[in-house]
$ cat coords-v3.tsv   # TSV, C-alpha atoms
chain	number	residue	atom	x	y	z
A	4	PRO	CA	-16.49	-32.45	13.40
A	5	PRO	CA	-15.37	-35.65	11.64
A	6	ALA	CA	-14.42	-38.53	13.91
A	7	VAL	CA	-10.81	-39.61	14.33
A	8	ALA	CA	-10.14	-43.25	13.43
A	9	GLU	CA	-10.53	-45.70	16.34
A	10	SER	CA	-6.85	-46.67	16.13
A	11	ALA	CA	-5.74	-43.08	16.74
A	12	ALA	CA	-3.65	-42.15	19.74
A	13	PRO	CA	-5.42	-41.84	23.13
A	14	TRP	CA	-4.74	-38.10	23.14
A	15	ALA	CA	-6.53	-37.57	19.82
A	16	ASP	CA	-9.52	-36.01	21.61
A	17	ASP	CA	-7.24	-33.47	23.33
A	18	VAL	CA	-5.67	-32.44	20.04
A	19	ARG	CA	-9.03	-32.39	18.30
A	20	SER	CA	-10.34	-30.05	21.00
A	21	LEU	CA	-7.28	-27.84	20.53
A	22	LEU	CA	-7.97	-27.61	16.80
A	23	GLU	CA	-11.66	-26.90	17.39
A	24	ARG	CA	-10.71	-24.00	19.69
A	25	ARG	CA	-8.27	-22.73	17.08
A	26	ALA	CA	-10.86	-22.90	14.28
A	27	ARG	CA	-13.51	-21.18	16.40
A	28	ALA	CA	-11.01	-18.44	17.28
A	29	VAL	CA	-10.43	-17.73	13.58
A	30	LEU	CA	-14.15	-17.42	12.83
A	31	GLU	CA	-14.86	-15.38	15.98
A	32	ARG	CA	-11.77	-13.19	15.49
A	33	ASP	CA	-10.39	-14.02	18.96
A	34	GLU	CA	-6.60	-13.67	18.82
A	35	THR	CA	-6.11	-14.56	22.48
A	36	ALA	CA	-7.88	-17.88	21.98
A	37	PHE	CA	-5.99	-18.53	18.73
A	38	THR	CA	-2.58	-18.12	20.35
A	39	ALA	CA	-3.43	-19.76	23.71
A	40	ASP	CA	-2.65	-23.25	22.37
A	41	LEU	CA	0.76	-22.38	20.90
A	42	ASP	CA	3.60	-24.15	22.70
A	43	PRO	CA	5.21	-21.55	25.00
A	44	LEU	CA	8.57	-23.23	24.32
A	45	ALA	CA	8.11	-23.31	20.53
A	46	ASP	CA	10.39	-21.39	18.20
A	47	ALA	CA	9.76	-17.64	18.61
A	48	GLY	CA	9.60	-17.17	14.84
A	49	PHE	CA	6.81	-19.77	14.55
A	50	ARG	CA	4.82	-18.12	17.33
A	51	GLN	CA	5.14	-14.72	15.63
A	52	ARG	CA	4.13	-16.13	12.22
A	53	GLN	CA	1.03	-17.60	13.82
A	54	ARG	CA	0.08	-14.18	15.24
A	55	ASP	CA	0.72	-12.62	11.82
A	56	LEU	CA	-1.38	-15.32	10.14
A	57	PHE	CA	-4.32	-14.58	12.43
A	58	ARG	CA	-4.11	-10.82	11.81
A	59	ASN	CA	-3.67	-11.29	8.06
A	60	LEU	CA	-6.97	-13.19	7.94
A	61	ALA	CA	-8.98	-10.28	9.38
A	62	ALA	CA	-10.49	-9.07	6.08
A	63	VAL	CA	-10.90	-12.47	4.39
A	64	PRO	CA	-14.59	-13.43	3.99
A	65	LEU	CA	-14.60	-16.90	5.54
A	66	ALA	CA	-17.75	-19.02	5.58
A	67	GLU	CA	-16.02	-22.03	7.13
A	68	TRP	CA	-12.71	-22.88	8.84
A	69	GLU	CA	-12.26	-26.33	10.32
A	70	TYR	CA	-9.44	-28.81	10.98
A	71	ARG	CA	-9.93	-32.51	10.24
A	72	LEU	CA	-7.86	-35.35	11.70
A	73	SER	CA	-7.19	-38.73	10.13
A	74	GLY	CA	-4.01	-40.86	10.39
A	75	GLU	CA	-0.62	-39.98	11.79
A	76	THR	CA	3.02	-39.63	10.76
A	77	ASP	CA	5.89	-41.62	12.28
A	78	VAL	CA	8.23	-38.95	13.66
A	79	SER	CA	10.68	-41.27	15.44
A	80	SER	CA	13.44	-40.39	12.96
A	81	LEU	CA	13.20	-36.65	13.66
A	82	ASP	CA	15.18	-34.61	16.14
A	83	LEU	CA	12.12	-33.58	18.14
A	84	PRO	CA	11.82	-30.76	20.68
A	85	ALA	CA	12.06	-31.72	24.34
A	86	ALA	CA	8.54	-32.50	25.55
A	87	ASP	CA	6.62	-35.13	27.51
A	88	GLU	CA	5.11	-36.36	24.26
A	89	SER	CA	5.07	-35.41	20.55
A	90	TRP	CA	2.45	-36.32	17.97
A	91	ALA	CA	2.00	-35.59	14.25
A	92	PRO	CA	-1.52	-36.54	13.15
A	93	ASP	CA	-2.58	-35.98	9.55
A	94	VAL	CA	-4.37	-32.62	9.75
A	95	ARG	CA	-6.33	-31.06	6.91
A	96	LEU	CA	-7.63	-27.52	6.93
A	97	ALA	CA	-11.10	-27.27	5.41
A	98	TYR	CA	-12.01	-23.69	4.58
A	99	ARG	CA	-14.64	-22.02	2.46
A	100	LEU	CA	-14.61	-18.49	1.06
A	101	ARG	CA	-18.01	-16.85	1.42
A	102	GLY	CA	-19.90	-16.54	-1.86
A	103	VAL	CA	-17.17	-18.25	-3.88
A	104	ASP	CA	-16.88	-21.80	-2.54
A	105	VAL	CA	-19.86	-24.13	-2.63
A	106	GLU	CA	-17.79	-26.88	-0.98
A	107	ALA	CA	-14.83	-26.48	1.34
A	108	SER	CA	-11.29	-26.50	-0.04
A	109	THR	CA	-9.12	-28.92	1.94
A	110	GLN	CA	-5.36	-28.55	2.37
A	111	GLY	CA	-2.74	-30.52	4.25
A	112	MET	CA	-1.22	-28.95	7.37
A	113	ALA	CA	1.98	-30.65	8.58
A	114	TYR	CA	1.55	-29.88	12.28
A	115	LEU	CA	3.60	-31.17	15.20
A	116	PHE	CA	1.93	-31.18	18.62
A	117	THR	CA	3.69	-31.44	21.98
A	118	ARG	CA	2.45	-32.36	25.44
A	119	ARG	CA	3.76	-30.58	28.51
A	120	GLY	CA	2.27	-32.01	31.66
A	121	ASP	CA	-1.42	-32.62	31.01
A	122	ARG	CA	-1.72	-30.02	28.23
A	123	TRP	CA	-1.24	-30.37	24.48
A	124	TYR	CA	0.13	-27.53	22.32
A	125	LEU	CA	0.82	-26.75	18.67
A	126	ASN	CA	4.61	-26.67	18.40
A	127	SER	CA	5.51	-26.33	14.70
A	128	ASP	CA	4.26	-26.37	11.12
A	129	THR	CA	7.68	-27.01	9.56
A	130	ALA	CA	9.18	-29.82	11.73
A	131	LEU	CA	7.88	-32.54	9.38
A	132	GLU	CA	9.59	-31.14	6.26
A	133	PRO	CA	12.54	-33.61	6.53
A	134	LEU	CA	9.91	-36.32	6.05
A	135	GLY	CA	8.59	-34.62	2.90
A	136	LYS	CA	5.48	-33.22	4.58
A	137	ARG	CA	4.83	-29.53	4.10
A	138	THR	CA	2.16	-27.21	5.44
A	139	TRP	CA	0.01	-25.60	2.76
A	140	ARG	CA	0.37	-21.82	2.63
A	141	GLY	CA	-2.55	-19.57	1.78
A	142	PRO	CA	-2.46	-15.87	0.86
A	143	TRP	CA	-2.71	-15.01	4.58
A	144	ASP	CA	0.68	-16.63	5.19
A	145	PHE	CA	2.33	-13.98	3.01
A	146	GLY	CA	1.02	-10.70	4.40
A	147	PRO	CA	-2.06	-8.69	5.37
A	148	CYS	CA	-4.98	-9.40	3.02
A	149	HIS	CA	-6.88	-6.55	1.39
A	150	VAL	CA	-10.24	-7.57	-0.11
A	151	LEU	CA	-12.26	-5.64	-2.70
A	152	THR	CA	-15.74	-7.04	-3.32
A	153	GLY	CA	-18.09	-6.85	-6.31
A	154	SER	CA	-21.18	-8.74	-7.40
A	155	GLY	CA	-18.99	-11.17	-9.36
A	156	GLY	CA	-16.73	-12.10	-6.44
A	157	PHE	CA	-13.74	-10.46	-4.84
A	158	VAL	CA	-10.10	-9.54	-5.36
A	159	LEU	CA	-7.60	-10.36	-2.62
A	160	SER	CA	-4.26	-8.58	-2.59
A	161	HIS	CA	-1.53	-7.43	-0.21
A	162	PRO	CA	-0.02	-4.01	0.56
A	163	GLY	CA	1.53	-2.80	-2.68
A	164	GLY	CA	-1.03	-4.61	-4.85
A	165	GLU	CA	-3.82	-2.05	-4.47
A	166	ALA	CA	-3.53	-0.51	-7.95
A	167	LEU	CA	-3.77	-3.82	-9.82
A	168	ALA	CA	-6.53	-5.01	-7.45
A	169	ALA	CA	-8.60	-1.92	-8.25
A	170	ARG	CA	-8.14	-2.48	-12.00
A	171	VAL	CA	-9.18	-6.12	-11.63
A	172	LEU	CA	-12.26	-5.28	-9.55
A	173	ALA	CA	-13.37	-2.80	-12.22
A	174	GLU	CA	-13.34	-5.66	-14.76
A	175	LEU	CA	-14.54	-8.54	-12.57
A	176	ASP	CA	-18.33	-8.15	-12.72
A	177	GLY	CA	-18.27	-7.59	-16.48
A	178	ALA	CA	-16.04	-10.62	-16.94
A	179	VAL	CA	-18.37	-12.89	-14.96
A	180	THR	CA	-21.33	-11.59	-16.97
A	181	ALA	CA	-19.49	-12.10	-20.27
A	182	VAL	CA	-18.58	-15.70	-19.41
A	183	THR	CA	-22.13	-16.43	-18.26
A	184	GLU	CA	-23.54	-15.10	-21.55
A	185	VAL	CA	-21.60	-17.81	-23.40
A	186	TRP	CA	-21.45	-20.68	-20.90
A	187	GLY	CA	-24.82	-20.27	-19.20
A	188	GLU	CA	-25.74	-19.87	-15.55
A	189	ALA	CA	-24.84	-23.38	-14.33
A	190	TRP	CA	-21.72	-22.32	-12.42
A	191	ALA	CA	-20.99	-20.38	-9.22
A	192	ARG	CA	-20.73	-16.96	-10.99
A	193	GLN	CA	-18.56	-15.80	-8.08
A	194	VAL	CA	-14.79	-15.75	-8.48
A	195	ALA	CA	-11.91	-15.18	-6.08
A	196	VAL	CA	-9.03	-13.42	-7.83
A	197	LEU	CA	-5.76	-13.57	-5.88
A	198	ILE	CA	-2.86	-11.18	-6.43
A	199	PRO	CA	0.25	-12.65	-4.74
A	200	ALA	CA	2.88	-10.48	-3.12
A	201	GLY	CA	5.73	-12.16	-4.99
A	202	PRO	CA	7.24	-15.34	-6.50
A	203	ASP	CA	7.15	-17.40	-3.28
A	204	GLU	CA	3.43	-16.87	-2.85
A	205	MET	CA	2.82	-17.43	-6.56
A	206	ARG	CA	4.55	-20.82	-6.30
A	207	ALA	CA	2.58	-21.72	-3.16
A	208	LEU	CA	-0.76	-20.91	-4.82
A	209	VAL	CA	-0.27	-22.37	-8.32
A	210	GLY	CA	2.74	-24.71	-8.12
A	211	PRO	CA	6.21	-24.25	-9.62
A	212	GLY	CA	5.14	-25.20	-13.15
A	213	PHE	CA	2.93	-22.14	-13.61
A	214	ALA	CA	4.78	-19.65	-11.40
A	215	THR	CA	6.87	-18.19	-14.19
A	216	GLY	CA	7.19	-14.61	-15.31
A	217	ALA	CA	5.84	-15.57	-18.75
A	218	ILE	CA	2.38	-16.39	-17.40
A	219	ALA	CA	0.17	-13.43	-16.47
A	220	GLY	CA	-2.54	-15.50	-14.81
A	221	VAL	CA	-3.73	-19.02	-14.16
A	222	ALA	CA	-6.98	-20.62	-12.95
A	223	VAL	CA	-6.40	-23.32	-10.34
A	224	ALA	CA	-8.59	-25.85	-8.52
A	225	ASP	CA	-7.93	-28.34	-5.73
A	226	ARG	CA	-10.07	-31.16	-7.01
A	227	VAL	CA	-12.42	-31.68	-9.94
A	228	ASP	CA	-15.37	-34.06	-9.83
A	229	THR	CA	-16.39	-34.52	-13.46
A	230	GLU	CA	-19.27	-36.82	-12.45
A	231	LYS	CA	-20.90	-34.12	-10.33
A	232	HIS	CA	-19.55	-31.34	-12.61
A	233	THR	CA	-18.01	-29.51	-9.66
A	234	ALA	CA	-14.57	-28.23	-8.73
A	235	ARG	CA	-13.27	-27.25	-5.31
A	236	GLY	CA	-10.96	-24.42	-4.35
A	237	GLN	CA	-11.16	-22.58	-7.65
A	238	ARG	CA	-9.09	-19.41	-7.77
A	239	VAL	CA	-7.77	-17.09	-10.46
A	240	VAL	CA	-4.20	-16.19	-9.54
A	241	LEU	CA	-2.54	-13.26	-11.31
A	242	ASN	CA	1.19	-12.75	-11.68
A	243	PRO	CA	1.45	-9.17	-10.33
A	244	ASP	CA	4.40	-8.17	-12.51
A	245	SER	CA	3.15	-9.40	-15.88
A	246	ALA	CA	-0.57	-8.82	-15.23
A	247	GLY	CA	0.16	-5.34	-13.88
A	248	ALA	CA	1.92	-4.41	-17.13
A	249	LEU	CA	-1.03	-5.40	-19.35
A	250	SER	CA	-3.07	-2.87	-21.29
A	251	PRO	CA	-6.72	-2.45	-20.23
A	252	LEU	CA	-7.86	-4.64	-23.16
A	253	SER	CA	-5.30	-7.37	-22.46
A	254	LEU	CA	-6.24	-7.48	-18.76
A	255	ARG	CA	-9.90	-7.75	-19.74
A	256	VAL	CA	-9.15	-10.64	-22.13
A	257	LEU	CA	-6.97	-12.37	-19.50
A	258	LEU	CA	-9.67	-12.23	-16.80
A	259	ARG	CA	-12.41	-13.46	-19.12
A	260	HIS	CA	-10.11	-16.24	-20.35
A	261	GLU	CA	-9.26	-17.48	-16.85
A	262	ILE	CA	-12.84	-17.12	-15.57
A	263	THR	CA	-13.98	-19.26	-18.52
A	264	HIS	CA	-11.73	-22.00	-17.15
A	265	VAL	CA	-13.40	-21.55	-13.74
A	266	ALA	CA	-16.89	-21.86	-15.25
A	267	ALA	CA	-16.01	-24.90	-17.38
A	268	ARG	CA	-13.69	-26.73	-14.96
A	269	GLY	CA	-16.31	-29.15	-13.65
A	270	GLU	CA	-17.03	-30.30	-17.24
A	271	THR	CA	-13.36	-30.74	-18.18
A	272	VAL	CA	-11.33	-33.93	-17.74
A	273	ASP	CA	-7.54	-34.16	-17.59
A	274	GLY	CA	-6.30	-35.02	-21.05
A	275	ALA	CA	-8.96	-33.09	-22.96
A	276	PRO	CA	-7.42	-31.40	-26.03
A	277	MET	CA	-5.63	-28.15	-25.17
A	278	TRP	CA	-6.62	-26.51	-28.46
A	279	LEU	CA	-10.21	-26.76	-27.30
A	280	LEU	CA	-9.69	-25.66	-23.67
A	281	GLU	CA	-7.41	-22.71	-24.37
A	282	GLY	CA	-8.93	-21.71	-27.68
A	283	PHE	CA	-12.44	-21.63	-26.20
A	284	ALA	CA	-11.23	-19.54	-23.24
A	285	ASP	CA	-9.61	-17.09	-25.67
A	286	TYR	CA	-12.80	-17.07	-27.77
A	287	VAL	CA	-14.74	-15.89	-24.70
A	288	GLY	CA	-11.89	-13.54	-23.76
A	289	TYR	CA	-11.91	-11.70	-27.08
A	290	ARG	CA	-15.66	-11.94	-27.72
A	291	GLY	CA	-17.22	-8.53	-28.22
A	292	SER	CA	-13.87	-6.73	-28.13
A	293	ASP	CA	-13.88	-5.76	-31.85
A	294	VAL	CA	-10.18	-6.67	-32.06
A	295	PRO	CA	-9.48	-7.64	-35.71
A	296	PRO	CA	-8.19	-11.22	-36.07
A	297	ARG	CA	-4.88	-10.05	-37.54
A	298	LYS	CA	-4.26	-7.93	-34.45
A	299	ALA	CA	-5.37	-10.66	-32.02
A	300	ALA	CA	-3.22	-13.28	-33.78
A	301	PRO	CA	-0.16	-11.57	-35.31
A	302	LEU	CA	2.06	-14.68	-35.15
A	303	LEU	CA	-0.61	-16.72	-36.92
A	304	ALA	CA	-1.01	-14.01	-39.56
A	305	ALA	CA	2.75	-14.15	-40.16
A	306	GLN	CA	2.67	-17.96	-40.35
A	307	LEU	CA	-0.01	-17.77	-43.03
A	308	ARG	CA	2.47	-16.14	-45.41
A	309	ASP	CA	4.17	-19.56	-45.58
A	310	GLY	CA	0.87	-21.41	-45.65
A	311	PRO	CA	-1.82	-22.25	-43.07
A	312	PRO	CA	-1.35	-24.81	-40.28
A	313	THR	CA	-1.68	-28.39	-41.52
A	314	ALA	CA	-2.84	-29.95	-38.22
A	315	LEU	CA	-4.61	-29.05	-34.99
A	316	PRO	CA	-2.22	-27.66	-32.34
A	317	SER	CA	-0.76	-30.48	-30.24
A	318	ASP	CA	-0.82	-30.35	-26.45
A	319	ASP	CA	2.99	-30.12	-26.45
A	320	ALA	CA	2.77	-26.88	-28.46
A	321	PHE	CA	1.31	-25.14	-25.38
A	322	ARG	CA	4.62	-25.50	-23.55
A	323	GLY	CA	7.79	-23.63	-24.34
A	324	ASP	CA	8.67	-21.19	-27.11
A	325	GLY	CA	5.80	-21.94	-29.49
A	326	MET	CA	3.13	-21.42	-26.87
A	327	GLU	CA	1.91	-18.05	-28.13
A	328	LEU	CA	1.38	-19.30	-31.67
A	329	ALA	CA	-0.49	-22.36	-30.35
A	330	TYR	CA	-2.86	-20.07	-28.41
A	331	GLN	CA	-3.49	-17.92	-31.49
A	332	GLN	CA	-4.12	-20.98	-33.67
A	333	SER	CA	-6.52	-22.41	-31.10
A	334	TRP	CA	-8.42	-19.14	-30.73
A	335	SER	CA	-8.88	-18.90	-34.51
A	336	LEU	CA	-9.98	-22.54	-34.62
A	337	ASN	CA	-12.70	-21.88	-32.04
A	338	LEU	CA	-13.70	-18.74	-33.94
A	339	HIS	CA	-14.06	-20.89	-37.06
A	340	LEU	CA	-16.16	-23.45	-35.18
A	341	ALA	CA	-18.40	-20.69	-33.80
A	342	SER	CA	-18.90	-19.31	-37.33
A	343	ARG	CA	-19.87	-22.81	-38.53
A	344	LEU	CA	-21.89	-24.14	-35.59
A	345	GLY	CA	-23.11	-20.93	-33.97
A	346	GLU	CA	-22.11	-20.02	-30.44
A	347	PRO	CA	-24.46	-22.55	-28.75
A	348	GLY	CA	-23.06	-25.19	-31.08
A	349	LEU	CA	-19.49	-24.29	-30.05
A	350	VAL	CA	-20.45	-24.55	-26.36
A	351	ASP	CA	-22.10	-27.92	-26.99
A	352	LEU	CA	-18.98	-29.14	-28.79
A	353	TYR	CA	-16.83	-27.95	-25.88
A	354	ARG	CA	-19.00	-29.82	-23.38
A	355	ARG	CA	-18.68	-32.99	-25.47
A	356	LEU	CA	-14.97	-32.77	-26.34
A	357	ALA	CA	-13.81	-31.58	-22.91
A	358	ARG	CA	-14.94	-34.93	-21.44
A	359	VAL	CA	-12.87	-37.17	-23.75
A	360	ARG	CA	-9.23	-38.05	-24.32
A	361	ALA	CA	-7.36	-37.05	-27.44
A	362	SER	CA	-7.91	-40.51	-29.03
A	363	GLU	CA	-11.69	-40.00	-28.94
A	364	VAL	CA	-11.76	-36.51	-30.49
A	365	ASP	CA	-12.31	-37.68	-34.06
A	366	ALA	CA	-15.45	-39.67	-33.23
A	367	VAL	CA	-17.00	-36.77	-31.31
A	368	LEU	CA	-16.20	-34.32	-34.12
A	369	VAL	CA	-17.94	-36.53	-36.65
A	370	GLU	CA	-20.94	-36.96	-34.37
A	371	VAL	CA	-21.35	-33.24	-33.60
A	372	THR	CA	-20.13	-31.54	-36.80
A	373	GLY	CA	-20.40	-34.29	-39.43
A	374	GLU	CA	-16.68	-33.85	-40.18
A	375	ASP	CA	-13.58	-35.64	-39.00
A	376	THR	CA	-10.35	-33.93	-37.93
A	377	ALA	CA	-8.95	-33.74	-41.45
A	378	ALA	CA	-12.10	-32.03	-42.75
A	379	LEU	CA	-12.07	-29.64	-39.76
A	380	VAL	CA	-8.48	-28.66	-40.58
A	381	ARG	CA	-9.38	-28.00	-44.23
A	382	GLY	CA	-12.32	-25.80	-43.22
A	383	TRP	CA	-10.13	-23.97	-40.70
A	384	GLN	CA	-7.51	-23.33	-43.39
A	385	ASP	CA	-10.14	-21.76	-45.65
A	386	PHE	CA	-11.38	-19.66	-42.72
A	387	LEU	CA	-7.86	-18.40	-42.01
A	388	ARG	CA	-7.27	-17.45	-45.63
A	389	ARG	CA	-10.50	-15.42	-45.57
A	390	GLU	CA	-10.08	-13.80	-42.17
A	391	LEU	CA	-6.32	-13.36	-41.82
A	392	GLY	CA	-5.00	-13.75	-45.35

$ encode --input "coords-v3.tsv" --output "structure tokens"
Amino acid sequence: PPAVAESAAPWADDVRSLLERRARAVLERDETAFTADLDPLADAGFRQRQRDLFRNLAAVPLAEWEYRLSGETDVSSLDLPAADESWAPDVRLAYRLRGVDVEASTQGMAYLFTRRGDRWYLNSDTALEPLGKRTWRGPWDFGPCHVLTGSGGFVLSHPGGEALAARVLAELDGAVTAVTEVWGEAWARQVAVLIPAGPDEMRALVGPGFATGAIAGVAVADRVDTEKHTARGQRVVLNPDSAGALSPLSLRVLLRHEITHVAARGETVDGAPMWLLEGFADYVGYRGSDVPPRKAAPLLAAQLRDGPPTALPSDDAFRGDGMELAYQQSWSLNLHLASRLGEPGLVDLYRRLARVRASEVDAVLVEVTGEDTAALVRGWQDFLRRELG
């Protein structure tokens, strides 16, 4: 396990040993060992949640579970529990889902440890919240985990989510194959799809910005390394209410769309144009579905009656009320590019454009297609008149 900094407290080795026992207990499924280091005087609710957490992990395919120590938090301003000593080191959980994660996902755990006599215990994972430090919550913090496995990954849900999980599993292998046909094999080709139990879990897994009823699913990652073309902690998280209400075709398109983001994430920088990222994902989502363009893009078809779009969709258009139209415009734009460049040409353009900021788009377009943005828009307008007019 990683070394603790030399300046760390003298009891760092004791706490590190406690965390090593705890991690081993998770992997060896030893509940007695997992709970042995809980402070006997800790809040009863915390102790029970820890037992629930351990049991909820039973079906999760873990390849790795480890705690890493680094610095520490000053807790002198807190109203601490009575103990001989209290310590709040910076703890990160490093865990890896078997088959899905090439590298471990790391998450912050805001733990407070207490010493009673010569023994250290885990006392709380919420005591540091007044200092702005919160413990990351995984699916196992929200209920028992049910796991359905296919060749393309697995679907994790909770009691009550079985019907949607079964529908997703039936589509998962085909979705991974469909994305690979377009993108190529240089990605994990194993996906973890998570179906939260409700809004609190949705917020914990994807953040408050995406945890809205309007969004049926989102692909998330902890950290992207665009130099190595890798991303850690990639998950597809479905909103159970809106995803559960989708037709079979719409669920298929959604999964293929989000899994495209998973495949391409390592090649995609923050600030790359949204019309490319979302339009390409929709291109893969609808590919081979035989859905006529007018049916796939009804808002765009209606817009055409007043004239075609005069500019590429802006990033701002993907937020708020106009979001659906922006997605339809972007999908049709990628369809146009595929008809002009061929599918390999579209993928090549994605790989080039997804690595640049908006200000550099024009130069890449000219280099790859021979046309600048204005010419692309004119060609797209002609395409729309033909296909949707």

$ residues_around --input "coords-v3.tsv" --residues "Thr117 in chain A" --least-positions-apart "4" --cutoff "10 Å" --atoms "only C-alpha atoms" --output "list in words"
Val18, Leu41, Asp42, Leu44, Ala45, Leu83, Pro84, Ala85, Ala86, Asp87, Glu88, Ser89, Trp90, Ala91, Arg122, Trp123, Tyr124, Leu125, Asn126 and Ser127 of chain A

$ write_last_selection --input "coords-v3.tsv" --atoms "C-alpha atoms" --output "mmCIF file, keeping the file's coordinate frame"
data_model
loop_
_atom_site.group_PDB
_atom_site.id
_atom_site.type_symbol
_atom_site.label_atom_id
_atom_site.label_comp_id
_atom_site.auth_asym_id
_atom_site.auth_seq_id
_atom_site.Cartn_x
_atom_site.Cartn_y
_atom_site.Cartn_z
ATOM 1 C CA VAL A 18 -5.670 -32.440 20.040
ATOM 2 C CA LEU A 41 0.760 -22.380 20.900
ATOM 3 C CA ASP A 42 3.600 -24.150 22.700
ATOM 4 C CA LEU A 44 8.570 -23.230 24.320
ATOM 5 C CA ALA A 45 8.110 -23.310 20.530
ATOM 6 C CA LEU A 83 12.120 -33.580 18.140
ATOM 7 C CA PRO A 84 11.820 -30.760 20.680
ATOM 8 C CA ALA A 85 12.060 -31.720 24.340
ATOM 9 C CA ALA A 86 8.540 -32.500 25.550
ATOM 10 C CA ASP A 87 6.620 -35.130 27.510
ATOM 11 C CA GLU A 88 5.110 -36.360 24.260
ATOM 12 C CA SER A 89 5.070 -35.410 20.550
ATOM 13 C CA TRP A 90 2.450 -36.320 17.970
ATOM 14 C CA ALA A 91 2.000 -35.590 14.250
ATOM 15 C CA ARG A 122 -1.720 -30.020 28.230
ATOM 16 C CA TRP A 123 -1.240 -30.370 24.480
ATOM 17 C CA TYR A 124 0.130 -27.530 22.320
ATOM 18 C CA LEU A 125 0.820 -26.750 18.670
ATOM 19 C CA ASN A 126 4.610 -26.670 18.400
ATOM 20 C CA SER A 127 5.510 -26.330 14.700
#

$ residues_around --input "coords-v3.tsv" --residues "range 358-374 of chain A" --least-positions-apart "5" --cutoff "9 Å" --atoms "only C-alpha atoms" --output "PyMOL selection string"
chain A and resi 229+270-276+343-344+348+351-353+379

$ atom_distance --input "coords-v3.tsv" --atom1 "CA of Gly141 in chain A" --atom2 "CA of Ala222 in chain A"
15.4 Å

$ closest_residue --input "coords-v3.tsv" --among "A:Leu197, A:Val239, A:Leu131, A:Val185" --to "Leu151 in chain A" --atoms "all atoms listed in the file"
A:Leu197

$ closest_residue --input "coords-v3.tsv" --among "A:Val256, A:Met277, A:Ala36, A:Leu21" --to "Asp293 in chain A" --atoms "all atoms listed in the file"
A:Val256

$ build_atoms --input "coords-v3.tsv" --residues "range 83-94 of chain A" --atoms "N, CA and C atoms" --output "PDB file, in the coordinates of the input"
ATOM      1  N   LEU A  83      13.314 -34.265  17.645  1.00  0.00           N
ATOM      2  CA  LEU A  83      12.120 -33.580  18.140  1.00  0.00           C
ATOM      3  C   LEU A  83      12.441 -32.661  19.315  1.00  0.00           C
ATOM      4  N   PRO A  84      11.611 -31.635  19.518  1.00  0.00           N
ATOM      5  CA  PRO A  84      11.820 -30.760  20.680  1.00  0.00           C
ATOM      6  C   PRO A  84      11.587 -31.525  21.982  1.00  0.00           C
ATOM      7  N   ALA A  85      12.250 -31.090  23.027  1.00  0.00           N
ATOM      8  CA  ALA A  85      12.060 -31.720  24.340  1.00  0.00           C
ATOM      9  C   ALA A  85      10.624 -31.487  24.794  1.00  0.00           C
ATOM     10  N   ALA A  86       9.931 -32.586  25.094  1.00  0.00           N
ATOM     11  CA  ALA A  86       8.540 -32.500  25.550  1.00  0.00           C
ATOM     12  C   ALA A  86       8.175 -33.842  26.172  1.00  0.00           C
ATOM     13  N   ASP A  87       7.079 -33.868  26.923  1.00  0.00           N
ATOM     14  CA  ASP A  87       6.620 -35.130  27.510  1.00  0.00           C
ATOM     15  C   ASP A  87       6.126 -36.091  26.442  1.00  0.00           C
ATOM     16  N   GLU A  88       5.634 -35.541  25.348  1.00  0.00           N
ATOM     17  CA  GLU A  88       5.110 -36.360  24.260  1.00  0.00           C
ATOM     18  C   GLU A  88       5.050 -35.496  23.009  1.00  0.00           C
ATOM     19  N   SER A  89       5.241 -36.110  21.825  1.00  0.00           N
ATOM     20  CA  SER A  89       5.070 -35.410  20.550  1.00  0.00           C
ATOM     21  C   SER A  89       4.180 -36.246  19.656  1.00  0.00           C
ATOM     22  N   TRP A  90       3.364 -35.595  18.849  1.00  0.00           N
ATOM     23  CA  TRP A  90       2.450 -36.320  17.970  1.00  0.00           C
ATOM     24  C   TRP A  90       2.258 -35.517  16.685  1.00  0.00           C
ATOM     25  N   ALA A  91       2.208 -36.230  15.557  1.00  0.00           N
ATOM     26  CA  ALA A  91       2.000 -35.590  14.250  1.00  0.00           C
ATOM     27  C   ALA A  91       0.856 -36.290  13.520  1.00  0.00           C
ATOM     28  N   PRO A  92      -0.386 -35.972  13.887  1.00  0.00           N
ATOM     29  CA  PRO A  92      -1.520 -36.540  13.150  1.00  0.00           C
ATOM     30  C   PRO A  92      -1.609 -35.913  11.759  1.00  0.00           C
ATOM     31  N   ASP A  93      -2.315 -36.587  10.854  1.00  0.00           N
ATOM     32  CA  ASP A  93      -2.580 -35.980   9.550  1.00  0.00           C
ATOM     33  C   ASP A  93      -3.716 -34.971   9.738  1.00  0.00           C
ATOM     34  N   VAL A  94      -3.406 -33.706   9.558  1.00  0.00           N
ATOM     35  CA  VAL A  94      -4.370 -32.620   9.750  1.00  0.00           C
ATOM     36  C   VAL A  94      -4.675 -31.992   8.384  1.00  0.00           C
TER      37      VAL A  94
END
